[in-house]
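Below you'll find the structure, written out as structure tokens, and then a few comments.
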Amino acid sequence: MKLFVIAAVLAIAAAAPSSYKPNEKTYEKDYKYPEITVTGQSDERNVDGSGKWNYAQSDYTTREEAQEQKKFTVTTVDDYGKEYTAEVFGNTNKGSSYWVSPEGEKFTLTWAADNAGFQPKGDHLPVAPVHVYELPVAPVHEYVLPVAPVHEYELPVAPVHIPFNGKGFKIY
């Protein structure tokens with residue numbers, strides 16, 4: 001019975017209206033977003049795997065993209081460090097988008113995606129700072145290296161032993 005009473009109290013608490021007031025002034029009930037319609041579009045797909053498509057909307061948003069199949073030479077390395085090359089087919093894409101932000105700022109983004117990777121370009125994209133500095137140069141020491149002294153002397157000559165027979169005569 002106690003469990004039933006606790007469950008009933010929790011159900012009543014969950015069903016009670018919240019004292020939290022939603023921010024109705026920012027998102028008013030009667031506000032309707034402008035209806036955005038597609039003003040133009042095309043889609044072309046070819047048998048060889050290439051194609052292109054685009055669309056334009058009433059809010060001036062546009063997007064276009066083109067793709068084509070290309071043969072790539074790929075180098076892979078197995079677990080043992082041996083390299084293998086193979087030819088594979090893949091898509092290369094190029095495209096662009098244009099839109100206007102709610103603040104009225106205009107954005108254009110172009111991109112390419114191929115064997116060099118994804119390369120986006122746009123004025124709104126962050127760019128890494130360029131550091132201009134000179135590399136330090138090692139100091140140059142100009143001095144004469146010491147030279148080992150040269151000793152000029154005659155090498156000693158080993159004495160030649162001529163055997164004598166004890167009577168003053170040479171023995172040959």
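Numbering starts fresh at 1 for the residues of each chain in the structure tokens, the chains themselves are lettered A, B, ... in the order given, and ligands are numbered from 1 as they appear.
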query = Could you pull out the strand (DSSP E) residues of chain A from DSSP and send them as number ranges by chain?
reply = A: 38-45, 51-57, 62-77, 83-100, 106-114, 117-121
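Within chain A, the backbone-based DSSP assignment of helix (DSSP H, G or I) covers Lys2, Leu3, Phe4, Val5, Ile6, Ala7, Ala8, Val9, Leu10, Ala11, Ile12, Ala13, Ala14 and Ala15 of chain A.
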- Could you pull the residues within 10 Å of stretch 42-46 of chain A, counting only C-alpha atoms, minus those fewer than 4 positions along the same chain, as a list in words? Ser50, Gly51, Lys52, Trp53, Asn54, Tyr55, Ala56, Glu64, Glu65, Ala66, Gln67 and Glu68 of chain A
Contacts of stretch 84-93 of chain A within 7 Å, only C-alpha atoms, excl. fewer than 5 positions in-chain, as JSON, numbers by chain
{"A": [65, 66, 67, 68, 69, 70, 71, 72, 73, 74, 75, 76, 77, 112, 113, 114]}
Selection file, all heavy atoms, as a compact mmCIF listing (two decimals), in the first residue's frame:
# COMPACT_ATOMS: atom_id res chain seq x y z
N GLU A 65 27.67 21.05 -57.52
CA GLU A 65 28.73 20.08 -57.30
C GLU A 65 28.87 19.22 -58.55
O GLU A 65 27.87 18.91 -59.20
CB GLU A 65 28.39 19.20 -56.10
CG GLU A 65 29.51 18.31 -55.67
CD GLU A 65 29.27 17.66 -54.32
OE1 GLU A 65 28.46 18.17 -53.53
OE2 GLU A 65 29.90 16.63 -54.07
N ALA A 66 30.11 18.88 -58.88
CA ALA A 66 30.39 18.02 -60.03
C ALA A 66 31.35 16.93 -59.56
O ALA A 66 32.23 17.17 -58.73
CB ALA A 66 31.02 18.81 -61.16
N GLN A 67 31.16 15.74 -60.10
CA GLN A 67 32.05 14.64 -59.74
C GLN A 67 32.39 13.84 -60.99
O GLN A 67 31.65 13.83 -61.95
CB GLN A 67 31.41 13.73 -58.71
CG GLN A 67 30.27 12.89 -59.25
CD GLN A 67 29.70 11.98 -58.19
OE1 GLN A 67 29.86 12.22 -57.01
NE2 GLN A 67 29.04 10.94 -58.62
N GLU A 68 33.54 13.21 -60.93
CA GLU A 68 33.93 12.30 -62.01
C GLU A 68 34.78 11.20 -61.41
O GLU A 68 35.43 11.39 -60.38
CB GLU A 68 34.68 13.04 -63.11
CG GLU A 68 35.96 13.70 -62.69
CD GLU A 68 36.62 14.47 -63.82
OE1 GLU A 68 35.93 15.18 -64.54
OE2 GLU A 68 37.85 14.32 -63.96
N GLN A 69 34.76 10.07 -62.07
CA GLN A 69 35.57 8.95 -61.60
C GLN A 69 36.97 9.07 -62.16
O GLN A 69 37.16 9.51 -63.29
CB GLN A 69 34.95 7.62 -62.01
CG GLN A 69 33.84 7.19 -61.11
CD GLN A 69 33.63 5.69 -61.15
OE1 GLN A 69 34.04 5.02 -62.07
NE2 GLN A 69 33.00 5.18 -60.12
N LYS A 70 37.93 8.67 -61.34
CA LYS A 70 39.32 8.78 -61.73
C LYS A 70 40.06 7.55 -61.22
O LYS A 70 39.71 6.99 -60.19
CB LYS A 70 39.91 10.05 -61.11
CG LYS A 70 41.31 10.35 -61.51
CD LYS A 70 41.77 11.66 -60.89
CE LYS A 70 43.20 11.95 -61.20
NZ LYS A 70 43.68 13.15 -60.54
N LYS A 71 41.08 7.13 -61.95
CA LYS A 71 41.89 5.99 -61.53
C LYS A 71 43.05 6.52 -60.69
O LYS A 71 43.78 7.42 -61.10
CB LYS A 71 42.43 5.24 -62.73
CG LYS A 71 43.12 3.94 -62.38
CD LYS A 71 43.75 3.26 -63.58
CE LYS A 71 42.69 2.73 -64.50
NZ LYS A 71 43.25 1.93 -65.60
N PHE A 72 43.19 5.98 -59.50
CA PHE A 72 44.25 6.38 -58.58
C PHE A 72 45.22 5.22 -58.38
O PHE A 72 44.81 4.06 -58.39
CB PHE A 72 43.68 6.74 -57.19
CG PHE A 72 42.79 7.93 -57.20
CD1 PHE A 72 41.41 7.78 -57.16
CD2 PHE A 72 43.31 9.21 -57.24
CE1 PHE A 72 40.58 8.87 -57.16
CE2 PHE A 72 42.49 10.31 -57.24
CZ PHE A 72 41.12 10.14 -57.19
N THR A 73 46.48 5.53 -58.19
CA THR A 73 47.47 4.53 -57.80
C THR A 73 47.68 4.68 -56.31
O THR A 73 48.11 5.73 -55.84
CB THR A 73 48.79 4.73 -58.56
OG1 THR A 73 48.52 4.66 -59.96
CG2 THR A 73 49.80 3.66 -58.19
N VAL A 74 47.38 3.63 -55.58
CA VAL A 74 47.41 3.67 -54.12
C VAL A 74 48.53 2.76 -53.63
O VAL A 74 48.67 1.63 -54.11
CB VAL A 74 46.06 3.23 -53.53
CG1 VAL A 74 46.11 3.26 -52.02
CG2 VAL A 74 44.94 4.10 -54.04
N THR A 75 49.31 3.23 -52.69
CA THR A 75 50.35 2.43 -52.07
C THR A 75 49.91 2.07 -50.66
O THR A 75 49.58 2.96 -49.87
CB THR A 75 51.69 3.20 -52.01
OG1 THR A 75 52.04 3.57 -53.35
CG2 THR A 75 52.79 2.36 -51.42
N THR A 76 49.87 0.80 -50.35
CA THR A 76 49.51 0.34 -49.01
C THR A 76 50.67 -0.44 -48.43
O THR A 76 51.50 -0.99 -49.15
CB THR A 76 48.25 -0.55 -49.04
OG1 THR A 76 48.49 -1.66 -49.90
CG2 THR A 76 47.05 0.21 -49.53
N VAL A 77 50.72 -0.48 -47.11
CA VAL A 77 51.78 -1.19 -46.41
C VAL A 77 51.12 -2.24 -45.53
O VAL A 77 50.21 -1.93 -44.76
CB VAL A 77 52.63 -0.22 -45.55
CG1 VAL A 77 53.72 -0.96 -44.81
CG2 VAL A 77 53.22 0.87 -46.42
N ALA A 112 37.39 21.39 -53.42
CA ALA A 112 37.79 20.30 -54.31
C ALA A 112 38.18 19.13 -53.42
O ALA A 112 38.75 19.31 -52.35
CB ALA A 112 38.97 20.71 -55.18
N ALA A 113 37.82 17.94 -53.84
CA ALA A 113 38.18 16.73 -53.11
C ALA A 113 38.71 15.73 -54.12
O ALA A 113 38.00 15.30 -55.01
CB ALA A 113 36.96 16.17 -52.38
N ASP A 114 39.99 15.42 -53.99
CA ASP A 114 40.63 14.49 -54.91
C ASP A 114 41.73 13.74 -54.17
O ASP A 114 41.68 13.64 -52.95
CB ASP A 114 41.15 15.22 -56.15
CG ASP A 114 42.05 16.40 -55.81
OD1 ASP A 114 42.51 16.48 -54.66
OD2 ASP A 114 42.31 17.22 -56.70
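For the atom pair formed by atom CA of A:Val132 and atom CA of A:Leu109, the distance is 28.2 Å, given to one decimal.
Atom CA of A:Ser96 is positioned 17.4 Å from atom CA of A:Ser58.
The coordinates place atom CA of A:Thr110 at 14.3 Å from atom CA of A:Pro126.
Each of A:Lys106, A:Leu135, A:Arg63, A:Glu154 was compared to A:Gly122 using only C-alpha atoms, and A:Lys106 turns out to be the nearest.
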Neighbours of A:Ser101 within 10 Å (only C-alpha atoms; same-chain residues fewer than 5 positions away dropped), as a CSV table (one decimal) with all heavy atoms, in the first residue's frame?
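Final output, saved to around.csv:
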chain,number,residue,atom,x,y,z
A,59,ASP,N,15.9,32.0,-50.8
A,59,ASP,CA,16.6,32.8,-49.9
A,59,ASP,C,18.1,33.1,-50.4
A,59,ASP,O,19.0,33.4,-49.6
A,59,ASP,CB,16.7,32.2,-48.5
A,59,ASP,CG,17.4,30.8,-48.5
A,59,ASP,OD1,17.7,30.3,-49.6
A,59,ASP,OD2,17.7,30.3,-47.4
A,61,THR,N,20.3,31.0,-51.5
A,61,THR,CA,21.2,30.0,-51.2
A,61,THR,C,21.4,29.1,-52.5
A,61,THR,O,20.4,28.8,-53.1
A,61,THR,CB,20.7,29.0,-50.1
A,61,THR,OG1,20.6,29.8,-48.9
A,61,THR,CG2,21.7,27.9,-49.8
A,106,LYS,N,27.3,37.7,-46.4
A,106,LYS,CA,27.3,36.8,-47.5
A,106,LYS,C,28.5,35.9,-47.5
A,106,LYS,O,29.6,36.3,-47.2
A,106,LYS,CB,27.4,37.6,-48.8
A,106,LYS,CG,26.1,38.4,-49.0
A,106,LYS,CD,26.2,39.3,-50.2
A,106,LYS,CE,25.0,40.2,-50.3
A,106,LYS,NZ,25.0,41.1,-51.5
A,107,PHE,N,28.3,34.6,-47.7
A,107,PHE,CA,29.4,33.6,-47.6
A,107,PHE,C,29.4,32.8,-48.9
A,107,PHE,O,28.4,32.5,-49.5
A,107,PHE,CB,29.1,32.6,-46.5
A,107,PHE,CG,29.2,33.1,-45.1
A,107,PHE,CD1,28.0,33.5,-44.5
A,107,PHE,CD2,30.4,33.3,-44.5
A,107,PHE,CE1,28.1,34.1,-43.2
A,107,PHE,CE2,30.5,33.8,-43.2
A,107,PHE,CZ,29.3,34.2,-42.6
